[in-house]
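S.K.: The following file, entry.txt, comprises compact mmCIF, C-alpha atoms:
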```txt
# COMPACT_ATOMS: atom_id res chain seq x y z
CA THR A 115 -7.97 -7.89 -37.32
CA SER A 116 -10.98 -6.79 -39.32
CA SER A 117 -13.00 -4.82 -36.79
CA GLY A 118 -12.61 -2.72 -33.68
CA SER A 119 -11.09 0.68 -33.13
CA ILE A 120 -8.73 2.27 -35.67
CA ARG A 121 -5.83 1.40 -33.34
CA VAL A 122 -6.68 -2.32 -33.63
CA VAL A 123 -7.65 -2.68 -37.30
CA GLY A 124 -4.83 -4.16 -39.38
CA LYS A 125 -2.76 -5.45 -36.46
CA ALA A 126 -0.73 -8.41 -37.76
CA ALA A 127 1.71 -11.09 -36.61
CA PRO A 128 3.54 -13.86 -38.48
CA VAL A 129 3.12 -17.55 -37.62
CA HIS A 130 6.61 -19.03 -37.65
CA GLU A 131 5.77 -22.75 -37.56
CA ASP A 132 3.13 -25.25 -38.68
CA ARG A 133 0.38 -25.36 -36.04
CA PRO A 134 -2.37 -27.81 -37.07
CA ASP A 135 -3.82 -27.51 -33.54
CA LEU A 136 -4.72 -23.85 -34.08
CA ALA A 137 -7.38 -22.12 -36.17
CA PHE A 138 -8.38 -18.50 -36.62
CA GLY A 139 -11.85 -17.19 -35.84
CA ALA A 140 -14.10 -14.18 -36.24
CA PHE A 141 -12.58 -10.74 -36.78
CA LEU A 142 -9.31 -12.29 -37.96
CA GLY A 143 -7.96 -12.81 -41.47
CA LEU A 144 -5.15 -14.99 -42.78
CA LEU A 145 -2.69 -14.05 -45.50
CA ARG A 146 -0.69 -16.96 -46.91
CA PRO A 147 2.27 -15.91 -49.09
CA ALA A 148 2.63 -17.44 -52.55
CA ALA A 149 6.19 -18.45 -51.72
CA PRO A 150 7.35 -19.60 -48.24
CA GLY A 151 10.32 -17.28 -48.37
CA LEU A 152 8.01 -14.25 -48.39
CA SER A 153 6.61 -14.94 -44.88
CA GLY A 154 9.39 -13.23 -42.95
CA TRP A 155 9.37 -10.21 -45.23
CA LEU A 156 5.56 -9.79 -45.10
CA GLY A 157 5.56 -10.24 -41.34
CA ALA A 158 8.21 -7.53 -40.97
CA TYR A 159 6.43 -5.18 -43.35
CA THR A 160 3.17 -5.35 -41.33
CA GLN A 161 5.08 -3.84 -38.39
CA THR A 162 6.08 -0.70 -40.32
CA LYS A 163 4.57 2.75 -39.99
CA SER A 164 3.94 2.79 -43.75
CA TYR A 165 1.72 -0.29 -43.48
CA ARG A 166 -0.14 1.04 -40.43
CA ASP A 167 -0.76 4.42 -42.09
CA THR A 168 -2.09 2.73 -45.25
CA VAL A 169 -4.41 0.48 -43.25
CA SER A 170 -5.73 3.47 -41.31
CA ASP A 171 -6.52 5.24 -44.58
CA VAL A 172 -8.44 2.33 -46.18
CA ALA A 173 -10.25 1.03 -43.07
CA ARG A 174 -13.80 2.34 -43.00
CA GLY A 175 -17.01 2.06 -41.08
CA VAL A 176 -19.60 4.28 -39.39
CA ASN A 177 -19.37 2.96 -35.86
CA ILE A 178 -16.80 0.19 -36.29
CA ASN A 179 -13.83 0.44 -38.62
CA ASN A 180 -13.48 -2.48 -41.01
CA LEU A 181 -10.66 -3.80 -43.16
CA LYS A 182 -11.99 -5.77 -46.15
CA ARG A 183 -10.29 -8.60 -48.05
CA ASP A 184 -10.05 -6.45 -51.14
CA ASP A 185 -8.38 -3.73 -49.08
CA LEU A 186 -5.62 -6.14 -48.17
CA LEU A 187 -5.28 -7.52 -51.71
CA GLY A 188 -5.03 -3.98 -53.03
CA LEU A 189 -2.13 -2.97 -50.82
CA ASP A 190 1.08 -2.07 -52.63
CA ILE A 191 3.95 -3.83 -50.85
CA PRO A 192 7.63 -3.23 -51.72
CA VAL A 193 9.34 -6.54 -52.52
CA PRO A 194 13.17 -6.66 -52.80
CA PRO A 195 15.00 -9.69 -54.19
CA LEU A 196 14.59 -12.84 -52.08
CA ASN A 197 18.17 -12.90 -50.79
CA GLU A 198 17.93 -9.27 -49.74
CA GLN A 199 14.63 -10.02 -47.97
CA ARG A 200 16.40 -12.74 -46.00
CA ARG A 201 19.25 -10.40 -45.04
CA ILE A 202 16.82 -7.68 -43.93
CA VAL A 203 14.66 -10.09 -41.90
CA ALA A 204 17.77 -11.61 -40.27
CA LYS A 205 18.98 -8.13 -39.31
CA ILE A 206 15.56 -7.23 -37.91
CA ASP A 207 15.49 -10.46 -35.87
CA ALA A 208 18.99 -9.78 -34.53
CA LEU A 209 18.11 -6.23 -33.52
CA GLN A 210 14.84 -7.33 -31.89
CA ALA A 211 16.71 -10.02 -29.94
CA ARG A 212 19.17 -7.35 -28.81
CA SER A 213 16.27 -5.13 -27.79
CA ARG A 214 14.71 -7.96 -25.76
CA ARG A 215 18.00 -8.56 -23.97
CA ALA A 216 18.27 -4.83 -23.22
CA ARG A 217 14.73 -4.79 -21.81
CA GLU A 218 15.51 -7.81 -19.64
CA ALA A 219 18.65 -6.08 -18.36
CA LEU A 220 16.69 -2.91 -17.59
CA ASP A 221 14.00 -4.93 -15.82
CA ALA A 222 16.68 -6.39 -13.58
CA ILE A 223 18.07 -2.98 -12.57
CA PRO A 224 15.53 -2.15 -9.80
CA ALA A 225 16.30 -5.41 -8.00
CA LEU A 226 20.04 -4.84 -8.42
CA LEU A 227 19.73 -1.29 -7.09
CA GLU A 228 17.76 -2.53 -4.09
CA ARG A 229 20.45 -5.11 -3.29
CA PHE A 230 23.14 -2.46 -3.75
CA ARG A 231 21.27 -0.05 -1.45
CA GLN A 232 20.94 -2.70 1.25
CA SER A 233 24.61 -3.67 0.96
CA VAL A 234 25.70 -0.01 1.31
CA LEU A 235 23.49 0.55 4.36
CA ALA A 236 24.62 -2.72 5.94
CA ALA A 237 28.25 -1.73 5.38
CA ALA A 238 27.62 1.71 6.87
CA PHE A 239 26.35 0.25 10.14
CA ARG A 240 29.15 -2.31 10.34
CA GLY A 241 31.47 0.70 10.31
CA ASP A 242 33.04 -0.20 6.96
CA LEU A 243 32.33 3.13 5.24
CA THR A 244 34.05 5.22 7.92
CA ALA A 245 36.95 2.92 8.89
CA ASP A 246 39.51 5.33 7.41
CA TRP A 247 37.88 8.28 9.19
CA ARG A 248 38.13 6.49 12.55
CA ALA A 249 41.78 5.71 11.94
CA ALA A 250 42.46 9.38 11.21
CA ASN A 251 40.43 10.62 14.22
CA PRO A 252 41.31 8.38 17.18
CA ASP A 253 40.58 11.01 19.86
CA VAL A 254 36.88 11.53 19.09
CA GLU A 255 34.66 11.17 22.16
CA PRO A 256 33.02 7.72 22.18
CA ALA A 257 29.26 7.67 21.69
CA SER A 258 28.85 5.90 25.05
CA GLU A 259 30.35 8.89 26.91
CA LEU A 260 28.05 11.36 25.19
CA LEU A 261 25.12 9.07 25.89
CA LYS A 262 26.02 8.99 29.61
CA ARG A 263 26.09 12.79 29.77
CA ILE A 264 22.74 13.09 28.00
CA ARG A 265 21.23 10.47 30.34
CA ALA A 266 22.43 12.39 33.41
CA GLU A 267 21.25 15.72 32.03
CA ARG A 268 17.87 14.23 31.12
CA ARG A 269 17.44 12.87 34.64
CA THR A 270 18.37 16.22 36.20
CA ARG A 271 16.02 18.18 33.94
CA TRP A 272 13.11 15.76 34.47
CA ILE A 273 13.45 15.82 38.25
CA ALA A 274 13.78 19.60 38.36
CA SER A 275 10.72 20.08 36.15
CA LYS A 276 8.56 17.72 38.22
CA ALA A 277 9.71 19.25 41.50
CA GLU A 278 9.10 22.81 40.33
CA THR A 279 5.63 21.95 39.03
CA ALA A 280 4.65 20.17 42.27
CA THR A 281 6.00 23.07 44.36
CA GLN A 282 4.03 25.66 42.36
CA ARG A 283 0.82 23.67 42.74
CA ALA A 284 1.29 23.32 46.50
CA GLU A 285 1.96 27.06 46.85
CA ALA A 286 -1.14 27.86 44.78
CA ARG A 287 -3.31 25.62 47.00
CA ASP A 288 -2.03 27.31 50.15
CA ALA A 289 -2.55 30.72 48.57
CA LYS A 290 -6.24 29.91 48.13
CA LYS A 291 -6.37 29.20 51.86
CA GLY A 292 -4.75 32.55 52.63
CA LYS A 293 -1.30 31.16 53.43
CA VAL A 294 1.64 33.12 52.02
CA TRP A 295 4.94 31.27 51.56
CA THR A 296 8.28 32.75 52.49
CA ASP A 297 11.37 32.03 50.39
CA GLU A 298 12.52 29.62 53.10
CA VAL A 299 9.26 27.64 52.98
CA ARG A 300 9.37 27.53 49.20
CA GLU A 301 12.98 26.30 49.22
CA LYS A 302 12.24 23.53 51.74
CA ARG A 303 9.24 22.38 49.73
CA LEU A 304 11.29 22.36 46.53
CA VAL A 305 13.94 20.16 48.21
CA LYS A 306 11.22 17.79 49.38
CA GLU A 307 9.59 17.56 45.95
CA THR A 308 13.00 17.05 44.34
CA GLU A 309 13.64 14.04 46.58
CA LYS A 310 10.21 12.61 45.74
CA ALA A 311 10.70 13.15 41.98
CA ALA A 312 14.13 11.49 42.11
CA LYS A 313 12.52 8.32 43.49
CA LYS A 314 9.91 8.32 40.73
CA TYR A 315 12.32 8.84 37.84
CA THR A 316 12.57 5.93 35.44
CA ALA A 317 14.87 5.74 32.42
CA PRO A 318 15.03 3.33 29.50
CA GLU A 319 17.02 0.26 30.45
CA PRO A 320 20.52 0.51 28.94
CA VAL A 321 21.36 -2.03 26.24
CA ASP A 322 23.43 -5.04 27.33
CA PRO A 323 24.89 -6.35 24.03
CA GLU A 324 26.09 -9.65 25.50
CA LYS A 325 22.79 -10.38 27.22
CA GLU A 326 20.78 -9.53 24.10
CA GLY A 327 23.10 -11.24 21.63
CA LEU A 328 23.95 -8.10 19.69
CA PRO A 329 27.02 -8.09 17.41
CA GLU A 330 30.19 -6.22 18.32
CA LEU A 331 30.46 -2.64 17.06
CA PRO A 332 33.45 -0.59 15.89
CA GLU A 333 35.60 1.27 18.41
CA GLY A 334 33.77 4.31 19.82
CA TRP A 335 30.28 3.04 18.92
CA CYS A 336 27.63 1.74 21.30
CA TRP A 337 24.15 0.24 21.21
CA ALA A 338 21.28 2.49 22.32
CA ARG A 339 17.52 2.12 22.43
CA VAL A 340 15.40 4.34 20.21
CA GLU A 341 13.69 5.67 23.34
CA GLU A 342 17.05 7.00 24.61
CA LEU A 343 17.62 8.89 21.36
CA ALA A 344 14.34 10.81 21.54
CA ALA A 345 14.32 14.47 22.56
CA LEU A 346 13.10 15.49 26.01
CA LEU A 347 9.91 16.94 24.54
CA PRO A 348 6.25 16.10 25.12
CA ARG A 349 5.20 13.11 22.98
CA SER A 350 8.62 12.78 21.36
CA ILE A 351 7.70 9.28 20.11
CA GLN A 352 4.10 9.12 18.95
CA SER A 353 1.70 7.83 16.31
CA GLY A 354 -1.32 9.67 14.94
CA PRO A 355 -4.98 9.70 16.00
CA PHE A 356 -6.87 6.40 16.03
CA GLY A 357 -10.47 5.45 15.42
CA SER A 358 -13.09 8.17 15.25
CA ALA A 359 -10.60 10.91 16.15
CA LEU A 360 -9.85 11.33 12.44
CA LYS A 361 -12.01 9.87 9.68
CA HIS A 362 -11.32 9.84 5.92
CA ALA A 363 -14.51 11.80 5.40
CA GLU A 364 -12.88 14.73 7.24
CA PHE A 365 -10.06 15.09 4.71
CA SER A 366 -10.18 18.11 2.45
CA ASP A 367 -8.27 19.58 -0.50
CA ALA A 368 -6.89 22.46 1.55
CA GLY A 369 -5.56 22.95 5.04
CA MET A 370 -2.90 21.11 7.04
CA LEU A 371 -1.16 17.99 5.73
CA VAL A 372 -1.88 14.58 7.27
CA ILE A 373 1.29 12.47 6.90
CA GLY A 374 0.44 8.91 5.90
CA ILE A 375 2.15 5.87 4.39
CA ASP A 376 2.27 7.49 0.94
CA ASN A 377 4.33 10.38 2.30
CA VAL A 378 6.95 8.11 3.88
CA GLN A 379 8.88 6.50 1.04
CA ASP A 380 12.04 4.45 1.40
CA GLY A 381 14.56 7.02 2.60
CA GLU A 382 12.74 10.13 1.44
CA PHE A 383 9.71 12.25 2.24
CA SER A 384 7.21 12.43 -0.62
CA SER A 385 4.23 14.66 -1.30
CA GLY A 386 2.35 11.39 -1.88
CA ARG A 387 -1.37 11.40 -1.32
CA ASP A 388 -2.12 14.96 -0.33
CA ASN A 389 -4.63 14.40 2.49
CA ARG A 390 -5.40 17.56 4.43
CA ILE A 391 -7.60 18.74 7.27
CA PRO A 392 -9.11 22.19 7.87
CA PRO A 393 -7.60 24.45 10.57
CA ILE A 394 -10.43 23.79 13.02
CA LYS A 395 -9.72 20.03 12.89
CA PHE A 396 -5.98 20.62 13.16
CA LYS A 397 -6.50 22.60 16.36
CA GLU A 398 -8.36 19.60 17.79
CA LEU A 399 -5.50 17.26 16.85
CA GLU A 400 -2.52 19.58 17.38
CA ARG A 401 -0.95 17.17 19.89
CA PHE A 402 -0.15 14.92 16.89
CA ARG A 403 1.79 17.66 15.13
CA ALA A 404 4.89 16.61 13.19
CA ARG A 405 8.09 18.54 13.74
CA PRO A 406 10.71 19.36 11.08
CA LEU A 407 13.50 16.72 11.03
CA ASP A 408 11.35 14.17 12.84
CA VAL A 409 12.24 10.61 11.87
CA LEU A 410 9.10 9.03 10.40
CA ILE A 411 8.50 5.27 10.26
CA THR A 412 5.49 3.37 8.94
CA VAL A 413 4.14 0.93 11.52
CA MET A 414 1.00 -0.51 9.96
CA ALA A 415 0.40 -2.53 6.76
CA THR A 416 3.69 -1.36 5.18
CA VAL A 417 6.04 -1.72 8.15
CA GLY A 418 9.48 -0.16 8.50
CA ARG A 419 9.59 2.38 5.68
CA CYS A 420 11.48 5.45 6.95
CA ALA A 421 12.02 9.08 6.03
CA VAL A 422 12.99 12.37 7.67
CA ALA A 423 10.47 15.20 7.76
CA PRO A 424 11.89 18.11 5.71
CA LYS A 425 13.04 21.32 7.38
CA ASN A 426 10.35 23.23 5.47
CA LEU A 427 7.61 20.74 6.40
CA GLY A 428 5.08 23.38 7.39
CA THR A 429 2.09 22.61 9.58
CA ALA A 430 1.22 18.90 9.54
CA ILE A 431 0.08 16.00 11.72
CA ILE A 432 0.85 12.29 11.51
CA SER A 433 -1.71 9.58 10.77
CA LYS A 434 -2.22 6.38 12.77
CA HIS A 435 -0.06 4.47 10.25
CA VAL A 436 3.07 6.54 11.03
CA TYR A 437 5.18 7.04 14.14
CA ARG A 438 7.32 10.12 14.48
CA ILE A 439 10.50 10.30 16.55
CA SER A 440 11.69 13.76 17.56
CA VAL A 441 15.37 13.02 18.14
CA GLU A 442 17.90 14.48 20.56
CA GLN A 443 20.07 16.09 17.88
CA ARG A 444 23.05 16.58 20.23
CA LEU A 445 23.19 12.77 20.35
CA VAL A 446 21.99 11.53 16.98
CA ASN A 447 21.62 12.92 13.48
CA PRO A 448 18.03 12.33 12.25
CA HIS A 449 19.25 10.97 8.90
CA ALA A 450 21.67 8.61 10.64
CA LEU A 451 18.85 7.18 12.78
CA MET A 452 16.58 6.95 9.73
CA ASN A 453 19.22 4.99 7.82
CA ALA A 454 19.88 2.70 10.79
CA LEU A 455 16.17 1.87 11.00
CA ARG A 456 15.95 1.09 7.27
CA GLY A 457 19.29 -0.56 6.64
CA CYS A 458 21.11 -1.92 9.70
CA ALA A 459 20.88 -5.73 9.48
CA GLU A 460 20.43 -6.16 13.24
CA VAL A 461 17.68 -3.51 13.43
CA LEU A 462 15.85 -5.13 10.52
CA ARG A 463 16.11 -8.48 12.31
CA GLN A 464 14.55 -6.99 15.45
CA LEU A 465 11.76 -5.39 13.44
CA GLY A 466 11.01 -8.60 11.56
CA ALA A 467 10.91 -10.61 14.77
CA ASN A 468 8.37 -8.25 16.35
CA VAL A 469 5.91 -7.61 13.52
CA ARG A 470 2.45 -8.66 14.65
CA GLY A 471 -0.96 -8.99 13.03
CA GLN A 472 -3.08 -11.62 11.31
CA THR A 473 -4.52 -9.57 8.46
CA ARG A 474 -2.44 -6.38 8.66
CA ALA A 475 1.17 -6.44 9.81
CA GLY A 476 2.16 -3.84 12.38
CA ILE A 477 4.37 -2.81 15.29
CA ASN A 478 3.49 -0.67 18.30
CA GLY A 479 5.23 2.11 20.19
CA GLY A 480 6.65 -0.24 22.81
CA ILE A 481 8.43 -2.30 20.14
CA LEU A 482 9.75 0.82 18.41
CA LYS A 483 11.07 2.39 21.62
CA ALA A 484 12.86 -0.83 22.64
CA LEU A 485 14.72 -1.28 19.34
CA ALA A 486 18.49 -1.35 19.85
CA VAL A 487 20.30 0.68 17.18
CA PRO A 488 24.04 1.24 16.59
CA LEU A 489 25.19 4.69 17.71
CA PRO A 490 28.46 6.05 16.29
CA PRO A 491 30.04 9.29 17.61
CA LEU A 492 28.12 12.30 16.32
CA GLN A 493 30.91 13.46 13.97
CA GLU A 494 31.10 10.00 12.43
CA GLN A 495 27.33 9.91 11.92
```
Show me this structure written as C-alpha cells.

M.R.:
Amino acid sequence: TSSGSIRVVGKAAPVHEDRPDLAFGAFLGLLRPAAPGLSGWLGAYTQTKSYRDTVSDVARGVNINNLKRDDLLGLDIPVPPLNEQRRIVAKIDALQARSRRAREALDAIPALLERFRQSVLAAAFRGDLTADWRAANPDVEPASELLKRIRAERRTRWIASKAETATQRAEARDAKKGKVWTDEVREKRLVKETEKAAKKYTAPEPVDPEKEGLPELPEGWCWARVEELAALLPRSIQSGPFGSALKHAEFSDAGMLVIGIDNVQDGEFSSGRDNRIPPIKFKELERFRARPLDVLITVMATVGRCAVAPKNLGTAIISKHVYRISVEQRLVNPHALMNALRGCAEVLRQLGANVRGQTRAGINGGILKALAVPLPPLQEQ
C-alpha cells in the first residue's frame, strides 16, 4: 500500500495462486519475484518486524506517507538458500495453521462454558448434585412442612396486623367524638376485626404438580410459587418506576444508584452503567428501594437474567426493567432462588411460554409471582 497512515503503508500479502480475474488498483503495488520459489519467502519476510520498521523509516510525506517504487527496490532482504527458504516457509505455515486451530478452539470456549453452566444448573434442580447429601441426611424436615408453617404464620400475622390497624382507626374516630374506650370495648372490637380480616385473607394458590404437569422432584422437595417465597414486607415483589416518574434526563453522576439491566448480569451483580439520581429524587421514589440480598430479574427487552443484590449494596432503587424479590430467608436462600430462575429447565420453560411483546419482549409481575419453582429443604439449598 503506497499511501495512507504510517500504520498502513507497506502492508503486504502474498498471492498464492494464479488469479487472471483479479487486478490491482490505485494505492497498491505489485512485487513479482524473479524466481517462483522466492514468493513464499518474500511473503513471509513482509510480515516481520524488521520489514515493517524499515518501511516506516523510508516512507515519507507531509500529510500522507508514501512508499515509492525505488524505496521497495532499495530494500535489503536476507535470502537464505532456496531449500532453507522452503523449510522456513513450511514451518511458518504449520505454526500459523496451529495458531488458527487454537483461535478456533478458544472461540468455541464461551459456547461450551454456557452449555456446561446450563447442564450444571439443570442437574442441581433435578437433585443430582445433592443426591449423596440426601442419602446421608434422611431426617431433614421436608420443604413442604416448612412451607406449611410459613403459610400459617403469614396468615396469622396478616390477620393480626389488619385487625389491629382497623381497631386503632375505629378507636381514634370515637375519640374525636369524645368517646373513650375501655379495655373490654377494645378487646371486643379487636375480636370483631380479626373475624372480618380472616374472611378477607387471600393466599397464593398452592402448586398442584399433577394438574400443572410439573415433573416429579426428589424426596423432601416441593413446588412453590415465587409469590409464596417472598417476605411479608411491603412491596416484596416490585418493579421500578414507569413513565414520567423517572426520566433519563434526571440521571446524574452522583447520588443513589438506579439498578438497570446492565447491573443484572447472568448470575452476578455488576456495577454496569452507573446511573444515579440525586437524594431529592430518591426521596420521591424511595418506595422502589432495593434491599440487600434481593433477587433481581430483568423483565423487559433482556428477559430472565438474574442476580442477587450484594449485602453491601448501599442506597439504591430499581428501574422499570428490573423486578426485585425480597425473599423469606427462613424458607429460601436468595442465591438458590436466583439459580432456580436462571437454570431450572422447568422454570425456563414457564418463562419462555409467558414472554409477551411485539417489539420488546417482557413479562409482568403476575407472571413472575405465578412461576412454580423447585424448593429443596433449606439445608440442602

S.K.: Taking into account all atoms listed in the file, which residue in the set A:Ala137, A:Val469, A:Ala127, A:Leu142 is nearest to Leu156 of chain A?

M.R.: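 Among the listed residues, the smallest separation from Leu156 of chain A belongs to A:Ala127.
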
S.K.: Taking all atoms listed in the file into account, name the residue in A:Val340, A:Leu145, A:Ala277, A:Ile439 that is nearest to Val409 of chain A.

M.R.: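 Under the stated criterion, the closest residue is A:Ile439.
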
S.K.: I want to know what sits within 8 Å of segment 323-331 of chain A, based on all atoms listed in the file, with residues of the same chain fewer than 2 positions away left out; could you give that as a list in words?

M.R.: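 Answer for this query is Arg240, Gly241, Val321, Glu333, Trp335, Cys336, Trp337, Glu460 and Pro488 of chain A.
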
S.K.: Which residue gives the smallest distance to Phe402 of chain A among A:Ser350, A:Ser385, A:Thr168, A:Thr279, with all atoms listed in the file counted?

M.R.: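 Counting all atoms listed in the file, the residue closest to Phe402 of chain A is A:Ser350.
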
S.K.: Quick one: distance from atom CA of Val172 of chain A to atom CA of Ala158 of chain A in Å, one decimal?

M.R.: 20.0 Å

S.K.: Looking at all atoms listed in the file, which of A:Arg349, A:Lys397, A:Arg133, A:Lys125 is the one that sits closest to Arg166 of chain A?

M.R.: A:Lys125

S.K.: To one decimal place, how far is atom CA of Lys291 of chain A from atom CA of Arg303 of chain A in Å?

M.R.: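 Distance between the two atoms: 17.2 Å.
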
S.K.: Let me make sure I understand: among A:Leu399, A:Val299, A:Val203, A:Ala149, which one has the smallest atom-to-atom distance to Gln161 of chain A if we use all atoms listed in the file?

M.R.: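 Counting all atoms listed in the file, the residue closest to Gln161 of chain A is A:Val203.
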
S.K.: Just give me the gap between atom CA of Pro252 of chain A and atom CA of Pro490 of chain A in Å, one decimal is fine.

M.R.: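 Computing the Euclidean distance for atom CA of Pro252 of chain A and atom CA of Pro490 of chain A yields 13.1 Å.
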
S.K.: Fewer than 4 positions away in the same chain doesn't count, so skip those; otherwise give me all residues within 12 Å of Asp171 of chain A, counting all atoms listed in the file, as JSON, numbers by chain.

M.R.: {"A": [120, 121, 123, 124, 164, 165, 166, 167, 175, 179, 180, 181, 185, 186, 189]}

S.K.: Quick one: of A:Glu278, A:Asp408, A:Glu259, A:Glu382, who's nearest to Tyr437 of chain A, counting only C-alpha atoms?

M.R.: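 Closest to Tyr437 of chain A of all the choices is A:Asp408.
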